[in-house]
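**Q** What follows is query05.cif, mmCIF, C-alpha atoms.
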data_run
loop_
_atom_site.group_PDB
_atom_site.id
_atom_site.type_symbol
_atom_site.label_atom_id
_atom_site.label_comp_id
_atom_site.auth_asym_id
_atom_site.auth_seq_id
_atom_site.Cartn_x
_atom_site.Cartn_y
_atom_site.Cartn_z
ATOM 1 C CA MET A 1 -7.820 21.552 16.603
ATOM 2 C CA LYS A 2 -6.122 20.700 13.358
ATOM 3 C CA GLU A 3 -5.333 17.050 12.626
ATOM 4 C CA LEU A 4 -3.098 15.449 10.030
ATOM 5 C CA VAL A 5 -4.349 12.550 7.893
ATOM 6 C CA PHE A 6 -1.868 10.103 6.390
ATOM 7 C CA GLY A 7 -1.324 6.601 5.082
ATOM 8 C CA HIS A 8 1.616 4.263 5.683
ATOM 9 C CA LYS A 9 5.336 4.746 5.074
ATOM 10 C CA ASN A 10 6.612 3.995 1.555
ATOM 11 C CA PRO A 11 3.203 5.160 0.334
ATOM 12 C CA ASP A 12 1.449 3.535 -2.579
ATOM 13 C CA THR A 13 -1.395 5.124 -4.517
ATOM 14 C CA ASP A 14 -4.056 4.175 -1.976
ATOM 15 C CA ALA A 15 -2.043 5.504 0.979
ATOM 16 C CA ILE A 16 -1.799 8.934 -0.631
ATOM 17 C CA VAL A 17 -5.243 9.057 -2.237
ATOM 18 C CA ALA A 18 -7.054 7.731 0.839
ATOM 19 C CA ALA A 19 -5.457 10.485 2.930
ATOM 20 C CA LYS A 20 -6.615 13.116 0.458
ATOM 21 C CA ALA A 21 -10.110 11.632 0.205
ATOM 22 C CA TYR A 22 -10.604 11.194 3.943
ATOM 23 C CA SER A 23 -9.270 14.665 4.699
ATOM 24 C CA TYR A 24 -11.708 16.137 2.141
ATOM 25 C CA LEU A 25 -14.601 14.221 3.701
ATOM 26 C CA GLN A 26 -13.685 15.178 7.262
ATOM 27 C CA ASN A 27 -13.360 18.835 6.314
ATOM 28 C CA LYS A 28 -16.788 18.717 4.684
ATOM 29 C CA LEU A 29 -18.099 17.310 7.968
ATOM 30 C CA GLY A 30 -16.642 20.219 9.918
ATOM 31 C CA ALA A 31 -13.168 19.035 10.945
ATOM 32 C CA ASP A 32 -9.884 20.854 10.313
ATOM 33 C CA THR A 33 -7.524 18.399 8.640
ATOM 34 C CA GLU A 34 -4.644 18.278 6.182
ATOM 35 C CA ALA A 35 -3.638 15.277 4.097
ATOM 36 C CA VAL A 36 0.089 14.577 4.217
ATOM 37 C CA ALA A 37 2.326 11.656 3.230
ATOM 38 C CA LEU A 38 5.023 9.607 4.945
ATOM 39 C CA GLY A 39 7.132 9.453 1.803
ATOM 40 C CA THR A 40 7.312 10.662 -1.774
ATOM 41 C CA PRO A 41 4.896 9.313 -4.418
ATOM 42 C CA ASN A 42 6.044 6.346 -6.509
ATOM 43 C CA GLU A 43 5.945 6.366 -10.320
ATOM 44 C CA GLU A 44 2.391 5.051 -10.482
ATOM 45 C CA THR A 45 1.121 7.612 -7.985
ATOM 46 C CA LYS A 46 2.939 10.419 -9.804
ATOM 47 C CA PHE A 47 1.149 9.357 -12.989
ATOM 48 C CA VAL A 48 -2.196 9.480 -11.163
ATOM 49 C CA LEU A 49 -1.604 12.878 -9.546
ATOM 50 C CA ASP A 50 -0.332 14.373 -12.798
ATOM 51 C CA TYR A 51 -3.183 12.871 -14.830
ATOM 52 C CA PHE A 52 -5.808 14.468 -12.618
ATOM 53 C CA LYS A 53 -3.727 17.633 -12.053
ATOM 54 C CA GLU A 54 -3.633 17.113 -8.303
ATOM 55 C CA GLU A 55 -0.915 18.539 -6.053
ATOM 56 C CA TYR A 56 1.688 16.254 -4.524
ATOM 57 C CA PRO A 57 1.142 15.948 -0.763
ATOM 58 C CA ARG A 58 3.501 17.466 1.769
ATOM 59 C CA VAL A 59 5.877 14.836 3.186
ATOM 60 C CA ILE A 60 6.428 14.551 6.949
ATOM 61 C CA THR A 61 8.488 12.273 9.196
ATOM 62 C CA THR A 62 7.071 13.455 12.539
ATOM 63 C CA ALA A 63 3.714 14.970 13.478
ATOM 64 C CA LYS A 64 3.945 15.866 17.176
ATOM 65 C CA ASN A 65 5.760 19.092 16.269
ATOM 66 C CA GLU A 66 2.617 20.183 14.373
ATOM 67 C CA VAL A 67 -0.456 18.577 15.951
ATOM 68 C CA GLU A 68 -1.685 16.628 18.954
ATOM 69 C CA ALA A 69 -3.999 14.268 17.055
ATOM 70 C CA VAL A 70 -3.964 12.383 13.759
ATOM 71 C CA MET A 71 -6.149 10.213 11.548
ATOM 72 C CA LEU A 72 -4.739 7.051 9.963
ATOM 73 C CA VAL A 73 -5.785 5.590 6.621
ATOM 74 C CA ASP A 74 -4.647 2.398 4.885
ATOM 75 C CA HIS A 75 -2.690 1.184 7.933
ATOM 76 C CA ASN A 76 -2.756 0.777 11.677
ATOM 77 C CA GLU A 77 0.489 -0.971 12.631
ATOM 78 C CA ALA A 78 2.888 1.300 14.528
ATOM 79 C CA GLN A 79 5.991 0.329 12.553
ATOM 80 C CA GLN A 80 4.260 1.391 9.322
ATOM 81 C CA SER A 81 3.179 4.772 10.708
ATOM 82 C CA VAL A 82 4.757 8.128 11.463
ATOM 83 C CA ASP A 83 7.878 7.872 13.631
ATOM 84 C CA ASP A 84 6.327 9.549 16.686
ATOM 85 C CA ILE A 85 2.934 7.822 16.509
ATOM 86 C CA LYS A 86 3.131 6.775 20.189
ATOM 87 C CA GLU A 87 3.220 10.451 21.215
ATOM 88 C CA LEU A 88 0.032 11.296 19.310
ATOM 89 C CA THR A 89 -3.680 10.757 19.855
ATOM 90 C CA VAL A 90 -5.214 8.708 17.043
ATOM 91 C CA THR A 91 -8.827 9.817 16.616
ATOM 92 C CA HIS A 92 -9.780 7.941 13.432
ATOM 93 C CA VAL A 93 -8.637 4.879 11.502
ATOM 94 C CA VAL A 94 -10.000 3.771 8.133
ATOM 95 C CA ASP A 95 -8.327 0.623 6.887
ATOM 96 C CA HIS A 96 -8.644 -2.700 5.072
ATOM 97 C CA HIS A 97 -5.717 -4.589 6.623
ATOM 98 C CA ARG A 98 -5.189 -6.809 9.636
ATOM 99 C CA ILE A 99 -5.004 -5.098 13.043
ATOM 100 C CA ALA A 100 -1.664 -5.562 14.822
ATOM 101 C CA ASN A 101 0.647 -3.627 17.159
ATOM 102 C CA PHE A 102 -2.092 -1.049 17.642
ATOM 103 C CA GLU A 103 -3.536 0.378 20.823
ATOM 104 C CA THR A 104 -4.813 3.736 22.029
ATOM 105 C CA ALA A 105 -5.332 5.363 25.422
ATOM 106 C CA ALA A 106 -8.643 6.933 24.402
ATOM 107 C CA PRO A 107 -11.680 5.735 22.435
ATOM 108 C CA LEU A 108 -11.553 6.392 18.710
ATOM 109 C CA TYR A 109 -13.485 5.999 15.471
ATOM 110 C CA TYR A 110 -12.332 2.826 13.703
ATOM 111 C CA HIS A 111 -13.737 1.642 10.371
ATOM 112 C CA ALA A 112 -12.104 -1.427 8.856
ATOM 113 C CA GLU A 113 -13.559 -3.779 6.274
ATOM 114 C CA PRO A 114 -12.030 -6.674 4.313
ATOM 115 C CA LEU A 115 -12.346 -4.838 0.996
ATOM 116 C CA GLY A 116 -9.775 -4.507 -1.754
ATOM 117 C CA CYS A 117 -8.865 -0.917 -1.002
ATOM 118 C CA SER A 118 -9.127 1.708 1.734
ATOM 119 C CA SER A 119 -10.544 4.128 -0.807
ATOM 120 C CA THR A 120 -13.509 1.793 -1.277
ATOM 121 C CA VAL A 121 -14.179 2.004 2.468
ATOM 122 C CA ILE A 122 -13.895 5.792 2.323
ATOM 123 C CA TYR A 123 -16.233 5.939 -0.688
ATOM 124 C CA LYS A 124 -18.815 4.146 1.463
ATOM 125 C CA GLU A 125 -18.348 6.858 4.081
ATOM 126 C CA PHE A 126 -18.989 9.575 1.498
ATOM 127 C CA LYS A 127 -22.275 7.846 0.682
ATOM 128 C CA ALA A 128 -23.233 7.300 4.308
ATOM 129 C CA ASN A 129 -22.705 11.002 5.039
ATOM 130 C CA ASN A 130 -24.377 12.186 1.825
ATOM 131 C CA VAL A 131 -21.230 14.011 0.700
ATOM 132 C CA GLU A 132 -20.748 14.304 -3.064
ATOM 133 C CA VAL A 133 -17.431 13.139 -4.530
ATOM 134 C CA PRO A 134 -15.968 15.774 -6.907
ATOM 135 C CA ALA A 135 -14.890 14.536 -10.342
ATOM 136 C CA LYS A 136 -11.153 14.956 -9.695
ATOM 137 C CA LEU A 137 -11.321 13.168 -6.356
ATOM 138 C CA ALA A 138 -13.403 10.406 -7.959
ATOM 139 C CA GLY A 139 -10.581 9.903 -10.451
ATOM 140 C CA LEU A 140 -8.027 9.675 -7.663
ATOM 141 C CA MET A 141 -10.124 7.190 -5.653
ATOM 142 C CA LEU A 142 -10.774 5.146 -8.775
ATOM 143 C CA SER A 143 -7.011 5.006 -9.333
ATOM 144 C CA ALA A 144 -6.377 3.806 -5.783
ATOM 145 C CA ILE A 145 -8.844 0.935 -6.136
ATOM 146 C CA ILE A 146 -7.381 -0.057 -9.519
ATOM 147 C CA SER A 147 -3.904 0.008 -7.967
ATOM 148 C CA ASP A 148 -4.757 -2.102 -4.920
ATOM 149 C CA THR A 149 -6.835 -4.645 -6.873
ATOM 150 C CA LEU A 150 -4.612 -4.750 -9.971
ATOM 151 C CA LEU A 151 -7.502 -3.617 -12.154
ATOM 152 C CA LEU A 152 -9.963 -5.822 -10.243
ATOM 153 C CA LYS A 153 -7.880 -8.999 -10.837
ATOM 154 C CA SER A 154 -6.531 -9.443 -7.309
ATOM 155 C CA PRO A 155 -8.197 -12.005 -5.020
ATOM 156 C CA THR A 156 -8.724 -9.133 -2.577
ATOM 157 C CA THR A 157 -11.281 -7.650 -4.983
ATOM 158 C CA THR A 158 -14.872 -7.653 -3.725
ATOM 159 C CA ASP A 159 -18.172 -6.846 -5.388
ATOM 160 C CA GLU A 160 -18.103 -3.548 -3.513
ATOM 161 C CA ASP A 161 -14.751 -2.649 -5.103
ATOM 162 C CA VAL A 162 -16.128 -3.442 -8.563
ATOM 163 C CA ALA A 163 -19.211 -1.323 -7.968
ATOM 164 C CA ALA A 164 -17.120 1.551 -6.589
ATOM 165 C CA VAL A 165 -14.805 1.499 -9.616
ATOM 166 C CA LYS A 166 -17.721 1.683 -12.038
ATOM 167 C CA GLU A 167 -19.456 4.485 -10.132
ATOM 168 C CA LEU A 168 -16.284 6.530 -9.621
ATOM 169 C CA ALA A 169 -15.295 6.089 -13.272
ATOM 170 C CA GLU A 170 -18.634 7.535 -14.307
ATOM 171 C CA ILE A 171 -18.200 10.523 -11.974
ATOM 172 C CA ALA A 172 -14.624 11.074 -13.192
ATOM 173 C CA GLY A 173 -15.568 10.594 -16.828
ATOM 174 C CA VAL A 174 -12.910 7.997 -17.642
ATOM 175 C CA ASN A 175 -12.876 4.531 -19.191
ATOM 176 C CA TYR A 176 -11.495 2.649 -16.189
ATOM 177 C CA GLU A 177 -10.162 -0.325 -18.173
ATOM 178 C CA GLU A 178 -8.149 1.755 -20.657
ATOM 179 C CA TYR A 179 -7.010 4.241 -18.050
ATOM 180 C CA GLY A 180 -6.248 1.522 -15.501
ATOM 181 C CA LEU A 181 -3.885 -0.358 -17.804
ATOM 182 C CA LYS A 182 -1.976 2.845 -18.612
ATOM 183 C CA MET A 183 -1.752 3.648 -14.928
ATOM 184 C CA LEU A 184 -0.460 0.211 -13.900
ATOM 185 C CA LYS A 185 2.105 0.194 -16.703
ATOM 186 C CA ALA A 186 3.331 3.616 -15.602
ATOM 187 C CA GLY A 187 4.248 2.029 -12.294
ATOM 188 C CA THR A 188 6.349 -0.690 -13.952
ATOM 189 C CA ASN A 189 8.987 1.636 -15.429
ATOM 190 C CA LEU A 190 11.813 0.245 -13.324
ATOM 191 C CA SER A 191 14.908 0.894 -15.442
ATOM 192 C CA SER A 192 15.591 4.268 -13.840
ATOM 193 C CA LYS A 193 15.266 2.894 -10.291
ATOM 194 C CA THR A 194 18.238 1.917 -8.165
ATOM 195 C CA GLU A 195 18.181 -1.429 -6.364
ATOM 196 C CA GLU A 196 17.695 0.422 -3.069
ATOM 197 C CA GLU A 197 14.651 2.192 -4.510
ATOM 198 C CA LEU A 198 13.214 -1.068 -5.838
ATOM 199 C CA ILE A 199 13.438 -2.860 -2.487
ATOM 200 C CA SER A 200 12.050 0.111 -0.555
ATOM 201 C CA ALA A 201 9.325 1.591 -2.771
ATOM 202 C CA ASP A 202 6.458 -0.600 -1.531
ATOM 203 C CA ALA A 203 7.916 -2.333 1.506
ATOM 204 C CA LYS A 204 6.187 -3.049 4.799
ATOM 205 C CA SER A 205 7.491 -4.545 8.038
ATOM 206 C CA PHE A 206 5.665 -7.189 10.058
ATOM 207 C CA GLU A 207 6.396 -8.737 13.437
ATOM 208 C CA MET A 208 5.981 -12.515 13.211
ATOM 209 C CA GLY A 209 7.102 -15.107 15.725
ATOM 210 C CA GLY A 210 9.526 -12.684 17.319
ATOM 211 C CA LYS A 211 11.122 -11.908 13.952
ATOM 212 C CA THR A 212 10.966 -8.737 11.882
ATOM 213 C CA VAL A 213 9.794 -9.699 8.421
ATOM 214 C CA ARG A 214 10.054 -7.204 5.566
ATOM 215 C CA VAL A 215 7.909 -7.744 2.468
ATOM 216 C CA ASP A 216 8.384 -5.560 -0.600
ATOM 217 C CA GLN A 217 6.378 -5.787 -3.819
ATOM 218 C CA VAL A 218 7.549 -4.684 -7.253
ATOM 219 C CA ASN A 219 5.109 -4.715 -10.158
ATOM 220 C CA THR A 220 6.435 -5.424 -13.636
ATOM 221 C CA VAL A 221 5.442 -6.696 -17.063
ATOM 222 C CA ASP A 222 8.676 -8.714 -17.396
ATOM 223 C CA LEU A 223 10.021 -10.838 -14.515
ATOM 224 C CA ASP A 224 13.277 -11.540 -16.343
ATOM 225 C CA GLU A 225 14.017 -7.829 -16.637
ATOM 226 C CA VAL A 226 13.926 -7.502 -12.853
ATOM 227 C CA PHE A 227 15.826 -10.710 -12.123
ATOM 228 C CA ALA A 228 18.599 -9.695 -14.499
ATOM 229 C CA ARG A 229 19.532 -7.450 -11.553
ATOM 230 C CA GLU A 230 19.316 -10.264 -8.987
ATOM 231 C CA ALA A 231 22.876 -10.047 -7.672
ATOM 232 C CA ALA A 232 22.572 -6.312 -7.070
ATOM 233 C CA LEU A 233 19.127 -6.736 -5.506
ATOM 234 C CA ARG A 234 20.474 -9.403 -3.129
ATOM 235 C CA ALA A 235 23.335 -7.136 -2.091
ATOM 236 C CA ALA A 236 20.960 -4.227 -1.447
ATOM 237 C CA ILE A 237 18.634 -6.424 0.619
ATOM 238 C CA GLU A 238 21.518 -7.888 2.675
ATOM 239 C CA LYS A 239 22.749 -4.357 3.386
ATOM 240 C CA GLN A 240 19.276 -3.199 4.425
ATOM 241 C CA ASN A 241 18.738 -6.281 6.617
ATOM 242 C CA ALA A 242 21.978 -5.540 8.451
ATOM 243 C CA GLU A 243 21.336 -1.822 8.854
ATOM 244 C CA GLU A 244 17.643 -1.996 9.784
ATOM 245 C CA GLY A 245 17.598 -5.256 11.722
ATOM 246 C CA TYR A 246 15.291 -7.194 9.406
ATOM 247 C CA ASP A 247 15.522 -10.941 9.979
ATOM 248 C CA LEU A 248 13.774 -12.048 6.819
ATOM 249 C CA PHE A 249 13.193 -10.101 3.590
ATOM 250 C CA LEU A 250 10.787 -11.240 0.884
ATOM 251 C CA LEU A 251 10.917 -9.424 -2.440
ATOM 252 C CA MET A 252 7.708 -10.076 -4.370
ATOM 253 C CA VAL A 253 8.156 -9.414 -8.083
ATOM 254 C CA THR A 254 4.681 -9.512 -9.602
ATOM 255 C CA ASN A 255 3.841 -9.695 -13.294
ATOM 256 C CA ILE A 256 0.657 -7.614 -13.543
ATOM 257 C CA LEU A 257 -0.225 -9.023 -16.967
ATOM 258 C CA ASP A 258 -0.404 -12.710 -16.012
ATOM 259 C CA SER A 259 -0.939 -12.323 -12.230
ATOM 260 C CA ASN A 260 2.100 -14.337 -11.129
ATOM 261 C CA THR A 261 4.782 -13.604 -8.540
ATOM 262 C CA ARG A 262 8.388 -14.697 -8.128
ATOM 263 C CA LEU A 263 9.835 -14.407 -4.636
ATOM 264 C CA LEU A 264 13.432 -13.605 -3.779
ATOM 265 C CA VAL A 265 14.064 -14.492 -0.134
ATOM 266 C CA VAL A 266 17.029 -13.140 1.823
ATOM 267 C CA GLY A 267 17.624 -13.798 5.523
ATOM 268 C CA GLU A 268 16.355 -16.405 7.960
ATOM 269 C CA PRO A 269 14.370 -18.482 8.684
ATOM 270 C CA LYS A 270 13.894 -19.507 5.056
ATOM 271 C CA ASP A 271 12.268 -22.807 6.014
ATOM 272 C CA VAL A 272 9.240 -20.852 7.251
ATOM 273 C CA VAL A 273 8.757 -19.478 3.728
ATOM 274 C CA GLU A 274 8.874 -23.012 2.317
ATOM 275 C CA LYS A 275 6.382 -24.154 4.940
ATOM 276 C CA ALA A 276 4.077 -21.193 4.227
ATOM 277 C CA PHE A 277 3.782 -21.924 0.515
ATOM 278 C CA ASP A 278 4.455 -25.682 0.596
ATOM 279 C CA LYS A 279 7.260 -25.280 -1.948
ATOM 280 C CA LYS A 280 11.033 -25.496 -1.962
ATOM 281 C CA LEU A 281 13.184 -22.454 -2.573
ATOM 282 C CA GLU A 282 15.609 -22.827 -5.453
ATOM 283 C CA ASP A 283 18.594 -20.514 -5.119
ATOM 284 C CA ASP A 284 16.428 -18.491 -2.676
ATOM 285 C CA LYS A 285 13.703 -18.048 -5.290
ATOM 286 C CA MET A 286 10.172 -19.390 -5.603
ATOM 287 C CA ASP A 287 7.513 -18.978 -8.290
ATOM 288 C CA LEU A 288 3.961 -18.433 -7.025
ATOM 289 C CA PRO A 289 1.427 -18.656 -9.878
ATOM 290 C CA GLY A 290 -1.728 -16.665 -9.238
ATOM 291 C CA VAL A 291 -0.260 -14.822 -6.245
ATOM 292 C CA VAL A 292 -0.543 -11.033 -6.477
ATOM 293 C CA SER A 293 -1.640 -9.879 -3.016
ATOM 294 C CA ARG A 294 0.798 -9.358 -0.148
ATOM 295 C CA LYS A 295 -2.093 -8.721 2.244
ATOM 296 C CA LYS A 296 -4.156 -11.804 1.428
ATOM 297 C CA GLN A 297 -1.829 -14.345 -0.189
ATOM 298 C CA VAL A 298 1.583 -13.778 1.400
ATOM 299 C CA VAL A 299 1.308 -12.339 4.920
ATOM 300 C CA PRO A 300 -1.412 -14.737 6.243
ATOM 301 C CA PRO A 301 0.376 -17.966 5.230
ATOM 302 C CA LEU A 302 3.632 -16.589 6.590
ATOM 303 C CA GLU A 303 1.989 -15.805 9.920
ATOM 304 C CA ALA A 304 0.484 -19.291 10.034
ATOM 305 C CA ALA A 305 3.859 -20.868 9.265
ATOM 306 C CA PHE A 306 5.593 -18.848 11.986
#
Is it possible to express this structure as structure tokens?
**A**
Amino acid sequence: MKELVFGHKNPDTDAIVAAKAYSYLQNKLGADTEAVALGTPNEETKFVLDYFKEEYPRVITTAKNEVEAVMLVDHNEAQQSVDDIKELTVTHVVDHHRIANFETAAPLYYHAEPLGCSSTVIYKEFKANNVEVPAKLAGLMLSAIISDTLLLKSPTTTDEDVAAVKELAEIAGVNYEEYGLKMLKAGTNLSSKTEEELISADAKSFEMGGKTVRVDQVNTVDLDEVFAREAALRAAIEKQNAEEGYDLFLLMVTNILDSNTRLLVVGEPKDVVEKAFDKKLEDDKMDLPGVVSRKKQVVPPLEAAF
């Protein structure tokens, strides 16, 4: 029986690449799978796919109309998955995030490790199964790890991520430092984006303390350029909060060159954000030097504060 493989909604590079990589691996092992996406590629991912001449994935919103079973990569939480996830059988999960709001009726294969990127976990599976990684796919997986670890600068980066980047770069035949900087900068071209696109492109929802918390991350090389649009960004967030029922929205604007983040916080309870980072908000904003990771540096302290 055919299965679909996909990453989370509002897909980033790892969500799309991990689906492609895991689908390739599973097919080599005898399964019948197709990699799809739960949203269109962002600017960074488009750069990656175009650079390696890889097709854009087919976008779906539901899966039950096509298959009975699916494989999840780069996520497990129901609110981040396909809309009809509760009607499907999940047979495999490969992830590097926390486990929350996830349960199945039947046993499944679950491989999660606290590494910097799901594609690093999948690369380990290629090795464990003695499946060779083609050059193009190596380039894609390399890109995913660079994206998730901000060129190995994020605190989520592990020695295994570093080793994977070097090995995949050799297979792909690219200088990962030069290529990686071009790739990350391609994702910071924000001038053509609407405020709605900026607050939705890399957003994830989390249930914390009975509240729905939305955290979006925008990468840039100039914080002031983004915050010149602050009034419009606030209005877009307030509209989305009202329409989607988000209680608290954190917009992380991260400077990828100096590894700093400025938060814009809209909604309530704001005091939980101050408690989480032991800082006061000024006009709903807060500077967080050295903070670049939503997964490791923002969500855990928020959960603890709630």
**Q** List the spatial neighbours of Lys20 of chain A as number ranges by chain - criterion: any atom at most 10 Å away, all atoms listed in the file, same-chain residues fewer than 2 positions off excluded.
**A** A: 5-7, 14-18, 22-25, 33-37, 57, 73, 119, 137, 140-141
**Q** Dump C-alpha atoms for the selected residues as a short mmCIF file (atom, residue, chain, number, x, y, z; two decimals), keeping the file's coordinate frame?
**A**
data_model
loop_
_atom_site.label_atom_id
_atom_site.label_comp_id
_atom_site.auth_asym_id
_atom_site.auth_seq_id
_atom_site.Cartn_x
_atom_site.Cartn_y
_atom_site.Cartn_z
CA VAL A 5 -4.35 12.55 7.89
CA PHE A 6 -1.87 10.10 6.39
CA GLY A 7 -1.32 6.60 5.08
CA ASP A 14 -4.06 4.18 -1.98
CA ALA A 15 -2.04 5.50 0.98
CA ILE A 16 -1.80 8.93 -0.63
CA VAL A 17 -5.24 9.06 -2.24
CA ALA A 18 -7.05 7.73 0.84
CA TYR A 22 -10.60 11.19 3.94
CA SER A 23 -9.27 14.66 4.70
CA TYR A 24 -11.71 16.14 2.14
CA LEU A 25 -14.60 14.22 3.70
CA THR A 33 -7.52 18.40 8.64
CA GLU A 34 -4.64 18.28 6.18
CA ALA A 35 -3.64 15.28 4.10
CA VAL A 36 0.09 14.58 4.22
CA ALA A 37 2.33 11.66 3.23
CA PRO A 57 1.14 15.95 -0.76
CA VAL A 73 -5.78 5.59 6.62
CA SER A 119 -10.54 4.13 -0.81
CA LEU A 137 -11.32 13.17 -6.36
CA LEU A 140 -8.03 9.68 -7.66
CA MET A 141 -10.12 7.19 -5.65
#
**Q** What do you get, as an NGL selection string, if you spell out every residue that the PyMOL selection byres ((chain A and resi 108-116) around 7) selects here?
**A** :A and (90-96 or 106-107 or 117 or 121 or 148-149 or 156-158 or 161)
**Q** Write out as lines of an AutoDock Vina configuration file an axis-aligned box for segment 100-107 of chain A: all of its atoms listed in the file, 3 Å added on each side, centre and edge lengths in Å with one decimal.
**A**
center_x = -5.5
center_y = 0.7
center_z = 20.1
size_x = 18.3
size_y = 18.5
size_z = 16.6
**Q** With distances taken over all atoms listed in the file, which of A:Gly30, A:Gly139, A:Pro11, A:Gly209 is nearest to Thr45 of chain A?
**A**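 The answer is A:Pro11, which sits nearest to Thr45 of chain A.
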**Q** Take the PyMOL selection byres ((chain A and resi 179-182) around 9), run it mentally on this structure, and tell me the resulting residues as an NGL selection string.
**A** :A and (142-143 or 146-147 or 150-151 or 174-178 or 183-187)
**Q** Since we have the selection now, will you write its residues out, keeping C-alpha atoms, as a PDB file, in the coordinates of the input?
**A**
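Result file is again-v7.pdb:
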ATOM      1  CA  LEU A 142     -10.774   5.146  -8.775  1.00  0.00           C
ATOM      2  CA  SER A 143      -7.011   5.006  -9.333  1.00  0.00           C
ATOM      3  CA  ILE A 146      -7.381  -0.057  -9.519  1.00  0.00           C
ATOM      4  CA  SER A 147      -3.904   0.008  -7.967  1.00  0.00           C
ATOM      5  CA  LEU A 150      -4.612  -4.750  -9.971  1.00  0.00           C
ATOM      6  CA  LEU A 151      -7.502  -3.617 -12.154  1.00  0.00           C
ATOM      7  CA  VAL A 174     -12.910   7.997 -17.642  1.00  0.00           C
ATOM      8  CA  ASN A 175     -12.876   4.531 -19.191  1.00  0.00           C
ATOM      9  CA  TYR A 176     -11.495   2.649 -16.189  1.00  0.00           C
ATOM     10  CA  GLU A 177     -10.162  -0.325 -18.173  1.00  0.00           C
ATOM     11  CA  GLU A 178      -8.149   1.755 -20.657  1.00  0.00           C
ATOM     12  CA  MET A 183      -1.752   3.648 -14.928  1.00  0.00           C
ATOM     13  CA  LEU A 184      -0.460   0.211 -13.900  1.00  0.00           C
ATOM     14  CA  LYS A 185       2.105   0.194 -16.703  1.00  0.00           C
ATOM     15  CA  ALA A 186       3.331   3.616 -15.602  1.00  0.00           C
ATOM     16  CA  GLY A 187       4.248   2.029 -12.294  1.00  0.00           C
TER      17      GLY A 187
END
**Q** How many Å lie between atom CA of Pro155 of chain A and atom CA of Val298 of chain A, rounded to one decimal?
**A**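 These two atoms are separated by 11.8 Å.
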**Q** For Asp278 of chain A, which of A:Ala305, A:Lys296, A:Ala78, A:Asn130 is the closest residue, counting all atoms listed in the file?
**A** A:Ala305
**Q** Expand the PyMOL selection byres ((chain A and resi 60) around 9) into the individual residues it matches in the shown file, reporting them as a list in words.
**A** Val36, Ala37, Leu38, Gly39, Arg58, Val59, Thr61, Thr62, Ala63 and Val82 of chain A
**Q** Kindly indicate which residue among A:Phe206, A:Phe306, A:Tyr56, A:Tyr123 lies nearest to Glu77 of chain A, using all atoms listed in the file for the distances.
**A** A:Phe206
**Q** A:Leu198, A:Arg214, A:Lys136, A:Ser154: which is nearest Tyr51 of chain A, counting all atoms listed in the file?
**A**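 Answer, going by the shortest atom-to-atom distance: A:Lys136.
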**Q** Find the residue from A:Ala276, A:Leu302, A:Leu281, A:Val265 that sits nearest to Met208 of chain A; use only C-alpha atoms when measuring.
**A** A:Leu302
**Q** Please report the interatomic distance between atom CA of Leu88 of chain A and atom CA of Val70 of chain A in Å with one decimal.
**A**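 It comes out at 6.9 Å.
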**Q** By how many Å are atom CA of Leu251 of chain A and atom CA of Leu223 of chain A apart?
**A**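 A separation of 12.2 Å between them.
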**Q** Quick one: of A:Asp159, A:Glu274, A:Glu282, A:Asp50, who's nearest to Pro301 of chain A, counting all atoms listed in the file?
**A**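 When distances to Pro301 of chain A are compared using all atoms listed in the file, the smallest one comes from A:Glu274.
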**Q** Within 7 Å of Val221 of chain A, counting only C-alpha atoms, which residues show up once you throw out same-chain ones fewer than 2 positions away? Write them as an mmCIF file with C-alpha atoms, in the frame of the given file, please.
**A**
data_model
loop_
_atom_site.group_PDB
_atom_site.id
_atom_site.type_symbol
_atom_site.label_atom_id
_atom_site.label_comp_id
_atom_site.auth_asym_id
_atom_site.auth_seq_id
_atom_site.Cartn_x
_atom_site.Cartn_y
_atom_site.Cartn_z
ATOM 1 C CA THR A 188 6.349 -0.690 -13.952
ATOM 2 C CA LEU A 223 10.021 -10.838 -14.515
ATOM 3 C CA ASN A 255 3.841 -9.695 -13.294
ATOM 4 C CA ILE A 256 0.657 -7.614 -13.543
ATOM 5 C CA LEU A 257 -0.225 -9.023 -16.967
#
**Q** Could you give me, as a PyMOL selection string, the residues that sit within 6 Å of (6.4, -6.8, -11.6) in the file's coordinates, counting all atoms listed in the file?
**A** chain A and resi 218-221+253-255
**Q** With C-alpha atoms retained, write the just-selected residues as a JSON list (two decimals), in the frame of the given file.
**A**
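Done, and the output landed in result.json:
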[["chain", "number", "residue", "atom", "x", "y", "z"],
["A", 218, "VAL", "CA", 7.55, -4.68, -7.25],
["A", 219, "ASN", "CA", 5.11, -4.72, -10.16],
["A", 220, "THR", "CA", 6.44, -5.42, -13.64],
["A", 221, "VAL", "CA", 5.44, -6.70, -17.06],
["A", 253, "VAL", "CA", 8.16, -9.41, -8.08],
["A", 254, "THR", "CA", 4.68, -9.51, -9.60],
["A", 255, "ASN", "CA", 3.84, -9.70, -13.29]]
